[in-house]
Amino acid sequence: MKKVLTKEEVLHVADLARIEVSDSEVEKYQEELGKLLSDVEQINMVENYDDERLIAPWTEETKLREDSEGTMLNPKEVIENAPRRAGNYIAVPVVISENESEGA
Amino acid sequence: MNNNYIPTIGIEVHVELKTNTKIFSNSKNGYGQMANSLTNVVDLGYPGTLPTLNEKVIELAIKAATVLNCKIRRQMHFDRKNYFYPDNPKNYQITQAETPIGYDGYVEIDLDGEKKKIYIEEMHIEEDTCKSTHKSGKTYLDFNRAGVPLIEIVTKPCISSPLEAKLYLEKLKELLFYTDVSDCKMEEGSMRADANISLRKNESDPLGTKVEIKNIGSISNVKLSLEKEWERQTKMLDNNEYFKEQTRRFDDKKNDTVLMRVKETGNDYRYFPEPDIPFVYITDEMIENAKKKIPMLPDERKKVYIEKNIPEVNAKKLVEHRELSDFLNSLLDKNVDFVVACNLLLGDISAYLNKEEKKLSETTLTKEKFIELVNKVSSKEISSKNVKDILKDVLETELSIKEIISKSGIKNISDDETINKIIDKIIENNQESVKDYKDGKDRAIKYLMGQVMKETKGSVNPEKAMNLLKVKLQSI
Amino acid sequence: MTNYLEKSVKEINELLKNKKIKPIDLVNEAFERIENNSELNAYITLNKEEAVKKAIELEDKEVDNILFGLPIAVKDNIVTKGLRTTAASHILENFTPIYDATVVEKINKNNMIIIGKTNMDEFAMGSSSRTSYFGAPRNPWNKTKISGGSSGGSAVTIAANDVLFALGTDTGGSIRQPASYCGIVGMKPTYGRVSRYGMIAFASSLDQIGPMTKNVYNNALLLNVIAGHDDKDLTSSRKEVEDYTSLIGQDIKGKKIAIPNYFVSDIVSKEIKEKLENVIELLKEKGAIVDYVDMKYLENAVTLYQIIAMGEASSNLARFDGIRYGTSYEDPNGIYDLYVKTRSNGFGKEVKRRIMVGSYLLSGENAKIYYNKALAIRDDISKEFKKVFEKYDYIIGPTTTTTAYDLTDPMDDPSKSFMDDVLSIPVNMAGLPGLNLPIGTSEDNMPIGMQIIGDKFTEASIYQLAAFLEKEIDFCGGVKYE
């Protein structure tokens with residue numbers, strides 16, 4: 001089965017992934033993504049044995065960590081690799097207005 | 001308020017958990033420290049880093065689920081919520097979408113003497129984002145908050161008035177604070193509330209367009225903002241004005257809600273199970289251990305205090321002052337006068353703590369010392385004036401009450417002979433007043449009594465002195 | 001040039017103990033070899049200054065273990081404190097980590113010397129190492145051929161005899177497949193056997209770090225160093241580590257071996273099947289029991305891989321946004337522009353394609369349609385393996401369907417790189433250990449490899465069979481252990 005992705009779908013995915021897709025690239029992506037998704041589509045032809053899922057081949061359950069403090073970085077180390085900084089802060093080059101900010 | 005429409009309200013609350021360290025890393029969970037001083041490579045989302053899971057978070061979540069009457073999930077995992085935002089270091093947040101630790105719970109509120117259950121849809125564990133400050137064309141990121149443990153508590157849309165919303169939040173805060181799950185300080189952001197409200201004409205109508213109010217700064221503002229929103233939407237509906245699902249915030253200065261954004265085609269968070277954290281199993285033992293750490297809850301405390309003859313208004317005050325209430329609770333198995341104990345705690349001791357800006361634990365008051373003090377007061381061996389005089393010594397020295405009393409020279413005059421001698425002297429020097437008394441002027445006896453107190457510098461048992469004075473005056 | 005690195009590990013260890021040579025001699029020789037082989041493009045970053053410094057420091061130390069003072073190459077998606085780590089991507093071109101991966105700590109604790117960071121497919125996405133921002137490595141057997149990937153540089157430097165030890169990572173075959181193409185031994189351990197802390201994640205539920213070496217014994221020695229529980233990785237196992245050399249040299253008589261029919265179907269080239277046939281005959285001759293078995297879902301593994309690996313990758317690579325570290329777009333017009341420009345300029349074509357597909361597969365209702373379905377079938381595959389291992393000690397087959405192909409072969413088919421891993425992917429799906437062992441060469445003199453798969457935590461037993469065959473097959477001039 002050949003899967004075809006619309007231009008809008010490609011642009012929506014590009015937006016989700018924060019990847020730029022120029023007008024000239026849209027068609028190429030439509031084709032390439034379409035090809036991969038046609039492969040992936042095959043999954044729906046396969047009948048699974050039961051509904052149990054394997055999220056990861058974990059061998060053991062989570063062992064919880066004791067609530068005691070470990071070593072931390074100093075602010076200098078934190079900002080060391082950041083392309084933009086100011087004082088002890090890592091900076092982002094543009095304003096995000098209060099109205100836009102999302103809570104957790 | 002226009003009552004043409006019935007509001008349907010749901011509330012989402014985030015609380016920061018009171019742990020030493022973050023949820024997925026062992027850096028410190030702290031507030032108000034130097035920017036970017038409480039982080040490590042995990043919090044910063046460095047390439048190659050992996051999460052670990054703090055056991056205290058699970059314990060506190062179980063406690064919260066328990067007091068919110070939730071069912072507890074026995075096998076759970078985490079999920080990734082994917083969205084790009086500068087305050088989201090990995091550009092995904094680790095949360096629980098599929099298997100929230102608690103579900104199907106309720107909180108009971110007291111609505112004009114009637115109980116109402118506010119139903120909890122679910123409560124889940126997740127990580128906090130970092131703090132961003134917006135200033136002069138730039139955004140500054142402080143990762144100290146990144147990875148602080150949160151629980152999010154989501155009600156069903158079953159709240160039917162702004163007042164109920166307020167009562168629910170107060171109750172929630174009280175419960176989470178008392179169980180040491182969280183500080184619940186809205187002003188510091190350790191408790192944050194979002195509310196959503198829609199209006200409809202009749203209970204049988206479908207729900208109206210939902211408006212969400214985000215990040216409301218105080219419980220009273222939750223009530224206020226919902227009232228304003230009720231009012232605003234009512235006007236629009238009455239004018240047949242159409243509005244879209246949207247997110248607003250409450251503006252303190254305008255005293256009204258302000259539009260943040262109109263909701264477009266729902267957010268596409270691309271949830272999927274977090275592969276870096278294997279299943280977590282909540283065992284009976286973990287639940288029992290967490291439950292053991294739940295102290296007596298506020299409602300129960302009030303009931304017990306009232307049974308001990310403490311007036312309801314004082315019982316409420318005690319519960320609002322957690323430390324004093326805990327202290328009083330440590331005496332519950334002792335045979336002391338709880339009314340006196342309560343009065344001491346809420347009276348002179350509270351006044352001292354407020355003035356000195358201290359906690360009770362920062363004074364030298366011990367359980368034993370307090371019992372001694374209560375007993376001295378209830379047996380009238382010392383007067384309330386005496387208490388005021390010796391309070392500093394009681395709270396600031398290691399001396400016992402007995403030692404303090406003897407040091408301060410309080411001689412409690414309680415033998416009849418001594419008191420009578422003093423009364424004789426006062427009567428002799430105040431014949432005018434005695435005459436007044438005999439003429440039926442009641443005020444005179446108070447004056448005479450005052451003189452007795454003055455003479456003894458307040459160290460006489462007042463009740464006894466009054467009785468003896470009356471006897472003496474009648475015999476004249 | 002000296003030739004110490006052509007001796008066995010035991011011989012070198014003796015020389016070091018007897019002060020006949022110093023670690024610096026090994027380091028100098030390794031760099032000389034790497035220099036002579038520079039056209040192979042096996043390395044992204046050399047650690048010359050620090051390696052020399054470390055070698056000199058070691059002169060005052062007691063030779064405390066068999067790997068003491070030996071040079072090792074580390075794949076460039078494993079972070080090294082103070083040493084540039086790029087994952088072969090422009091977006092990390094100038095990234096210097098501020099912490100060490102757990103495996104790196106273990107290597108350092110054993111006084112091995114990190115010689116450099118090896119070339120690879122960008123973020124390990126690919127099977128020919130040609131998606132590297134730093135250009136593809138070349139196969140030492142024939143420089144016009146690919147090395148395989150993604151751990152191409154590590155395979156190349158071992159095959160070229162630059163060093164005796166290298167670390168690779170394997171998400172769908174990225175250790176075993178280049179090992180097969182370059183004729184070396186590569187082990188992907190059980191999921192959870194080696195800590196992933198500090199491995200730049202591609203697909204977290206499939207990734208595993210493993211050793212790449214010239215022979216089986218050395219491979220087991222390196223696994224001894226890197227295996228073990230790590231508190232920093234919740235998916236790492238608390239199961240005790242054994243001595244992985246302990247069964248080497250033991251007979252394999254009576255061992256039960258299964259060959260899935262799919263592994264010898266038409267997808268595999270004739271000459272590879274022939275070479276495997278020879279091995280099967282040999283095994284039977286030596287008293288092993290070999291059966292062909294049917295296993296369901298194996299043919300679906302690539303599809304599962306595309307869904308799960310790309311889904312996880314789209315999330316794992318979201319952190320590269322130009323804010324906290326890495327290459328950042330200089331002059332963005334707004335936050336959205338910063339993200340988009342940084343990522344579009346920073347990632348290569350293959351990586352962007354995979355992120356896009358992964359995002360699509362998780363978006364909206366797709367997560368339910370594709371992702372959950374894939375996890376359900378993944379569980380079924382895992383159970384199929386379990387069933388086979390109830391009866392058999394090993395599953396064997398070819399590692400790859402062909403030998404290494406030309407560097408100039410087209411890269412425009414987006415499915416091709418996945419199909420290269422068709423035989424190795426099922427092992428990652430089930431979290432099993434799998435090893436590539438060279439078993440011969442093709443007509444055009446390119447190496448052919450076989451895959452030995454065991455049940456979880458049976459690495460020692462895999463080494464037993466591998467070492468047995470290694471001795472019998474006498475690939476490439478034989479092995480030297482003593």
# chains A, B, ... in the order shown; residues from 1 in each chain; ligands from 1
$ closest_atom_pairs --of "chain C" --to "chain A" --cutoff "8 Å" --atoms "only C-alpha atoms" --output "tab-separated table"
residue	atom	partner	partner_atom	distance
C:Phe95	CA	A:Asn81	CA	7.4
C:Thr96	CA	A:Asn81	CA	7.6
C:Ile98	CA	A:Glu77	CA	7.8
C:Tyr191	CA	A:Pro57	CA	6.6
C:Gly192	CA	A:Thr59	CA	7.0
C:Ser205	CA	A:Ala56	CA	4.8
C:Leu206	CA	A:Ala56	CA	7.4
C:Leu234	CA	A:Thr62	CA	6.0
C:Thr235	CA	A:Trp58	CA	6.0
C:Ser237	CA	A:Thr59	CA	6.5
C:Arg238	CA	A:Glu60	CA	7.9
C:Asn300	CA	A:Ile43	CA	7.4
C:Thr303	CA	A:Val40	CA	5.3
C:Leu304	CA	A:Ile43	CA	7.4
C:Gln306	CA	A:Val40	CA	6.9
C:Ile307	CA	A:Val40	CA	6.8
C:Ser314	CA	A:Ala17	CA	7.3
C:Ala318	CA	A:Ala17	CA	7.6
C:Gly322	CA	A:Pro83	CA	7.1
C:Ile323	CA	A:Ala82	CA	6.1
C:Arg324	CA	A:Ala82	CA	4.4
C:Tyr325	CA	A:Ala82	CA	4.7
C:Gly326	CA	A:Asn81	CA	7.1
C:Thr327	CA	A:Pro83	CA	7.5
C:Ser328	CA	A:Pro83	CA	6.6
C:Pro332	CA	A:Pro93	CA	7.6
C:Asn333	CA	A:Val94	CA	7.7
C:Gly334	CA	A:Val94	CA	5.3
C:Ile335	CA	A:Val94	CA	6.0
C:Tyr336	CA	A:Arg18	CA	7.8
C:Tyr339	CA	A:Arg18	CA	6.0
C:Val340	CA	A:Arg18	CA	4.8
C:Lys341	CA	A:Glu20	CA	6.9
C:Arg343	CA	A:Ile19	CA	6.1
C:Ser344	CA	A:Ile19	CA	5.3
C:Lys352	CA	A:Ile19	CA	7.2
C:Arg353	CA	A:Leu33	CA	7.4
C:Ile355	CA	A:Ala17	CA	6.7
C:Met356	CA	A:Val13	CA	6.1
C:Val357	CA	A:Leu33	CA	6.4
C:Ser359	CA	A:Ala17	CA	6.2
C:Tyr360	CA	A:Val13	CA	5.7
C:Tyr370	CA	A:Ile43	CA	7.3
C:Asn372	CA	A:Arg53	CA	7.3
C:Lys373	CA	A:Ile43	CA	7.4
C:Ala374	CA	A:Ile43	CA	7.1
C:Leu375	CA	A:Arg53	CA	4.8
C:Ala376	CA	A:Arg53	CA	4.2
C:Ile377	CA	A:Asn48	CA	5.4
C:Arg378	CA	A:Leu54	CA	5.9
C:Asp379	CA	A:Leu54	CA	4.7
C:Asp380	CA	A:Tyr49	CA	6.3
C:Asp413	CA	A:Glu32	CA	8.0
C:Pro414	CA	A:Glu32	CA	6.4
C:Ser415	CA	A:Leu36	CA	6.4
C:Met429	CA	A:Pro57	CA	7.5
C:Ala430	CA	A:Pro57	CA	6.0
C:Gly431	CA	A:Pro57	CA	5.2
$ select_by_dssp --residues "segment 283-358 of chain B" --states "helix (DSSP H, G or I)" --output "NGL selection string"
:B and (284-292 or 298-307 or 312-320 or 322-329 or 338-356)
$ interface_residues --of "chain C" --to "chain B" --cutoff "7 Å" --atoms "only C-alpha atoms" --output "PDB file with C-alpha atoms, in the first residue's frame"
ATOM      1  CA  TYR C 197      24.681   6.675  31.113  1.00  0.00           C
ATOM      2  CA  GLY C 198      26.667   9.000  28.895  1.00  0.00           C
ATOM      3  CA  MET C 199      25.742   7.387  25.614  1.00  0.00           C
ATOM      4  CA  ILE C 200      24.011  10.008  23.509  1.00  0.00           C
ATOM      5  CA  ALA C 201      20.653   8.329  23.140  1.00  0.00           C
ATOM      6  CA  SER C 204      16.674   4.402  24.493  1.00  0.00           C
ATOM      7  CA  SER C 205      14.902   1.045  24.558  1.00  0.00           C
ATOM      8  CA  LYS C 232      22.671   6.350  37.225  1.00  0.00           C
ATOM      9  CA  ASP C 233      20.888   4.097  34.712  1.00  0.00           C
ATOM     10  CA  LEU C 234      17.596   2.616  35.936  1.00  0.00           C
ATOM     11  CA  THR C 235      17.575   0.198  33.017  1.00  0.00           C
ATOM     12  CA  SER C 315      12.031  12.763  21.349  1.00  0.00           C
ATOM     13  CA  ALA C 318      14.575  17.300  20.824  1.00  0.00           C
ATOM     14  CA  ARG C 319      17.108  18.508  23.391  1.00  0.00           C
ATOM     15  CA  LEU C 362       3.697   9.812  17.536  1.00  0.00           C
ATOM     16  CA  SER C 363       1.462  12.693  16.542  1.00  0.00           C
ATOM     17  CA  GLY C 364      -2.264  12.769  17.099  1.00  0.00           C
TER      18      GLY C 364
END
$ closest_atom_pairs --of "chain B" --to "chain A" --cutoff "7 Å" --atoms "only C-alpha atoms" --output "Markdown table"
| residue | atom | partner | partner_atom | distance |
| --- | --- | --- | --- | --- |
| B:Asn20 | CA | A:Asp67 | CA | 6.0 |
| B:Thr21 | CA | A:Asp67 | CA | 5.8 |
| B:Asn26 | CA | A:Glu69 | CA | 5.2 |
| B:Ser27 | CA | A:Glu69 | CA | 5.7 |
| B:Lys28 | CA | A:Glu69 | CA | 5.9 |
| B:Ala35 | CA | A:Asn88 | CA | 6.1 |
| B:Asn36 | CA | A:Pro75 | CA | 5.1 |
| B:Ser37 | CA | A:Pro75 | CA | 5.2 |
| B:Leu38 | CA | A:Met72 | CA | 6.3 |
| B:Thr39 | CA | A:Met72 | CA | 5.5 |
| B:Asn40 | CA | A:Met72 | CA | 5.0 |
| B:Thr52 | CA | A:Arg65 | CA | 6.6 |
| B:Leu53 | CA | A:Leu64 | CA | 5.3 |
| B:Asn54 | CA | A:Arg65 | CA | 4.8 |
| B:Glu55 | CA | A:Leu64 | CA | 4.9 |
| B:Lys56 | CA | A:Asp67 | CA | 6.0 |
| B:Asp128 | CA | A:Ala104 | CA | 6.1 |
| B:Thr129 | CA | A:Ala104 | CA | 6.2 |
| B:His134 | CA | A:Val95 | CA | 6.4 |
| B:Gly137 | CA | A:Val95 | CA | 4.9 |
| B:Lys138 | CA | A:Val94 | CA | 4.8 |
| B:Thr139 | CA | A:Val92 | CA | 5.1 |
| B:Tyr140 | CA | A:Ala91 | CA | 4.6 |
| B:Leu141 | CA | A:Ile90 | CA | 5.2 |
| B:Asp142 | CA | A:Tyr89 | CA | 6.0 |
| B:Met260 | CA | A:Asn99 | CA | 5.2 |
| B:Pro273 | CA | A:Ile55 | CA | 6.7 |
| B:Pro275 | CA | A:Ala56 | CA | 5.8 |
| B:Ile277 | CA | A:Thr62 | CA | 6.6 |
| B:Pro278 | CA | A:Thr62 | CA | 5.2 |
| B:Phe279 | CA | A:Glu61 | CA | 5.4 |
| B:Val280 | CA | A:Thr62 | CA | 5.4 |
$ residues_around --residues "Ile425 of chain C" --least-positions-apart "4" --cutoff "9 Å" --atoms "only C-alpha atoms" --output "list in words"
Thr171, Gly172, Gly173, Leu298, Ala301, Val302, Tyr305, Phe418, Asp421, Met429 and Ala430 of chain C
$ closest_residue --among "C:Tyr43, C:Tyr392, C:Phe123, C:Phe202" --to "Phe347 of chain C" --atoms "only C-alpha atoms"
C:Phe123
$ atom_distance --atom1 "atom CA of Leu172 of chain B" --atom2 "atom CA of Asp326 of chain B"
18.9 Å
$ atom_distance --atom1 "atom CA of Cys158 of chain B" --atom2 "atom CA of Phe250 of chain B"
21.8 Å
$ residues_around --residues "segment 101-108 of chain B" --least-positions-apart "5" --cutoff "7 Å" --atoms "only C-alpha atoms" --output "short mmCIF file (atom, residue, chain, number, x, y, z; two decimals) with N, CA and C atoms, in the first residue's frame"
data_model
loop_
_atom_site.label_atom_id
_atom_site.label_comp_id
_atom_site.auth_asym_id
_atom_site.auth_seq_id
_atom_site.Cartn_x
_atom_site.Cartn_y
_atom_site.Cartn_z
N ALA B 65 -2.26 10.66 47.70
CA ALA B 65 -3.35 9.85 47.14
C ALA B 65 -4.24 9.33 48.26
N LEU B 68 -6.44 12.06 49.71
CA LEU B 68 -7.42 12.50 48.71
C LEU B 68 -8.37 11.35 48.35
N ASN B 69 -8.30 10.29 49.14
CA ASN B 69 -9.20 9.12 48.97
C ASN B 69 -9.11 8.51 47.58
N CYS B 70 -7.90 8.57 46.99
CA CYS B 70 -7.72 8.02 45.65
C CYS B 70 -7.41 6.53 45.71
N LYS B 71 -7.73 5.84 44.61
CA LYS B 71 -7.21 4.50 44.43
C LYS B 71 -5.76 4.63 44.01
N ILE B 72 -4.95 3.66 44.38
CA ILE B 72 -3.52 3.75 44.07
C ILE B 72 -3.15 2.70 43.04
N ARG B 73 -2.48 3.18 41.96
CA ARG B 73 -2.05 2.30 40.88
C ARG B 73 -0.88 1.45 41.37
N MET B 76 3.02 1.10 37.63
CA MET B 76 2.94 2.32 36.83
C MET B 76 4.22 2.56 36.07
N LYS B 115 -21.98 18.68 53.89
CA LYS B 115 -20.78 18.12 53.28
C LYS B 115 -21.00 17.94 51.78
N LYS B 116 -19.98 18.30 50.99
CA LYS B 116 -20.05 18.00 49.57
C LYS B 116 -18.73 17.37 49.14
N LYS B 117 -18.84 16.34 48.31
CA LYS B 117 -17.63 15.69 47.82
C LYS B 117 -17.19 16.33 46.50
N ILE B 118 -15.94 16.74 46.44
CA ILE B 118 -15.37 17.20 45.18
C ILE B 118 -14.55 16.02 44.64
N TYR B 119 -14.93 15.54 43.47
CA TYR B 119 -14.30 14.32 42.96
C TYR B 119 -12.98 14.58 42.25
N ILE B 120 -11.99 13.76 42.54
CA ILE B 120 -10.67 13.85 41.91
C ILE B 120 -10.64 12.84 40.77
N GLU B 121 -10.36 13.33 39.59
CA GLU B 121 -10.24 12.45 38.42
C GLU B 121 -8.96 11.61 38.54
N GLU B 122 -7.84 12.32 38.71
CA GLU B 122 -6.58 11.61 38.84
C GLU B 122 -5.52 12.52 39.44
N MET B 123 -4.48 11.95 40.02
CA MET B 123 -3.30 12.72 40.41
C MET B 123 -2.06 11.99 39.92
N HIS B 124 -1.16 12.74 39.30
CA HIS B 124 0.04 12.10 38.75
C HIS B 124 1.29 12.84 39.13
#
$ closest_residue --among "C:Ile175, C:Ala313, C:Val427, C:Ile452" --to "Ile259 of chain C" --atoms "only C-alpha atoms"
C:Ile452
$ atom_distance --atom1 "atom CA of Ile114 of chain C" --atom2 "atom CA of Glu14 of chain C"
20.9 Å
$ residues_around --residues "Gln464 of chain C" --least-positions-apart "3" --cutoff "12 Å" --atoms "only C-alpha atoms" --output "number ranges by chain"
C: 216-217, 219-220, 243-253, 255, 393-394, 435, 437, 452, 454, 458-461, 467-471
$ write_last_selection --atoms "C-alpha atoms" --output "PDB file, in the first residue's frame"
ATOM      1  CA  VAL C 216      36.855 -13.179  20.981  1.00  0.00           C
ATOM      2  CA  TYR C 217      39.085 -13.287  24.040  1.00  0.00           C
ATOM      3  CA  ASN C 219      36.178  -8.903  23.440  1.00  0.00           C
ATOM      4  CA  ALA C 220      35.323 -10.768  26.628  1.00  0.00           C
ATOM      5  CA  ASP C 243      34.117 -13.373  34.145  1.00  0.00           C
ATOM      6  CA  TYR C 244      33.196 -13.422  30.482  1.00  0.00           C
ATOM      7  CA  THR C 245      36.383 -15.305  29.562  1.00  0.00           C
ATOM      8  CA  SER C 246      35.527 -18.123  31.944  1.00  0.00           C
ATOM      9  CA  LEU C 247      33.980 -20.501  29.394  1.00  0.00           C
ATOM     10  CA  ILE C 248      36.429 -19.768  26.586  1.00  0.00           C
ATOM     11  CA  GLY C 249      38.259 -22.949  25.628  1.00  0.00           C
ATOM     12  CA  GLN C 250      35.455 -25.286  26.682  1.00  0.00           C
ATOM     13  CA  ASP C 251      34.002 -27.820  24.312  1.00  0.00           C
ATOM     14  CA  ILE C 252      30.612 -27.275  22.660  1.00  0.00           C
ATOM     15  CA  LYS C 253      29.612 -30.883  22.341  1.00  0.00           C
ATOM     16  CA  LYS C 255      25.058 -27.709  22.614  1.00  0.00           C
ATOM     17  CA  ASP C 393      21.361 -22.708  23.808  1.00  0.00           C
ATOM     18  CA  TYR C 394      21.983 -20.508  20.801  1.00  0.00           C
ATOM     19  CA  LEU C 435      27.876 -11.272  18.617  1.00  0.00           C
ATOM     20  CA  LEU C 437      32.144 -13.550  14.387  1.00  0.00           C
ATOM     21  CA  ILE C 452      25.570 -15.791  17.604  1.00  0.00           C
ATOM     22  CA  GLY C 454      21.969 -16.108  23.244  1.00  0.00           C
ATOM     23  CA  THR C 458      24.417 -15.568  28.484  1.00  0.00           C
ATOM     24  CA  GLU C 459      27.348 -13.550  27.129  1.00  0.00           C
ATOM     25  CA  ALA C 460      29.889 -15.958  28.630  1.00  0.00           C
ATOM     26  CA  SER C 461      28.285 -18.841  26.787  1.00  0.00           C
ATOM     27  CA  ALA C 467      35.958 -18.795  20.624  1.00  0.00           C
ATOM     28  CA  PHE C 468      35.487 -22.427  19.688  1.00  0.00           C
ATOM     29  CA  LEU C 469      34.553 -21.539  16.112  1.00  0.00           C
ATOM     30  CA  GLU C 470      37.213 -18.848  15.905  1.00  0.00           C
ATOM     31  CA  LYS C 471      39.875 -21.438  16.609  1.00  0.00           C
TER      32      LYS C 471
END
$ decode --residues "segment 55-71 of chain A" --atoms "N, CA and C atoms" --output "compact mmCIF listing (two decimals), in the first residue's frame"
# COMPACT_ATOMS: atom_id res chain seq x y z
N ILE A 55 7.53 -2.11 26.36
CA ILE A 55 8.00 -0.72 26.23
C ILE A 55 9.50 -0.72 26.00
N ALA A 56 10.18 -1.56 26.77
CA ALA A 56 11.63 -1.74 26.63
C ALA A 56 11.95 -3.08 27.25
N PRO A 57 13.03 -3.75 26.79
CA PRO A 57 13.35 -5.07 27.36
C PRO A 57 14.01 -4.96 28.73
N TRP A 58 13.33 -4.24 29.62
CA TRP A 58 13.85 -4.09 30.98
C TRP A 58 14.00 -5.46 31.62
N THR A 59 15.06 -5.64 32.38
CA THR A 59 15.22 -6.92 33.04
C THR A 59 14.75 -6.87 34.49
N GLU A 60 14.69 -5.67 35.04
CA GLU A 60 14.25 -5.55 36.43
C GLU A 60 13.37 -4.32 36.60
N GLU A 61 12.65 -4.25 37.71
CA GLU A 61 11.83 -3.09 37.99
C GLU A 61 12.71 -1.93 38.45
N THR A 62 12.12 -0.75 38.52
CA THR A 62 12.87 0.43 38.96
C THR A 62 13.25 0.31 40.43
N LYS A 63 14.53 0.56 40.69
CA LYS A 63 14.97 0.63 42.08
C LYS A 63 15.02 2.11 42.44
N LEU A 64 14.25 2.49 43.46
CA LEU A 64 14.14 3.91 43.78
C LEU A 64 15.42 4.42 44.42
N ARG A 65 15.68 5.70 44.19
CA ARG A 65 16.89 6.35 44.72
C ARG A 65 16.59 6.99 46.07
N GLU A 66 17.55 6.90 46.98
CA GLU A 66 17.44 7.53 48.28
C GLU A 66 17.41 9.05 48.10
N ASP A 67 16.64 9.72 48.93
CA ASP A 67 16.46 11.17 48.76
C ASP A 67 17.60 11.94 49.41
N SER A 68 18.84 11.70 48.98
CA SER A 68 19.93 12.49 49.56
C SER A 68 20.76 13.14 48.46
N GLU A 69 21.20 14.35 48.82
CA GLU A 69 21.84 15.24 47.85
C GLU A 69 23.17 14.72 47.31
N GLY A 70 23.39 14.91 46.03
CA GLY A 70 24.68 14.60 45.43
C GLY A 70 25.39 15.87 45.02
N THR A 71 26.49 15.73 44.31
CA THR A 71 27.24 16.93 43.92
C THR A 71 26.49 17.67 42.80
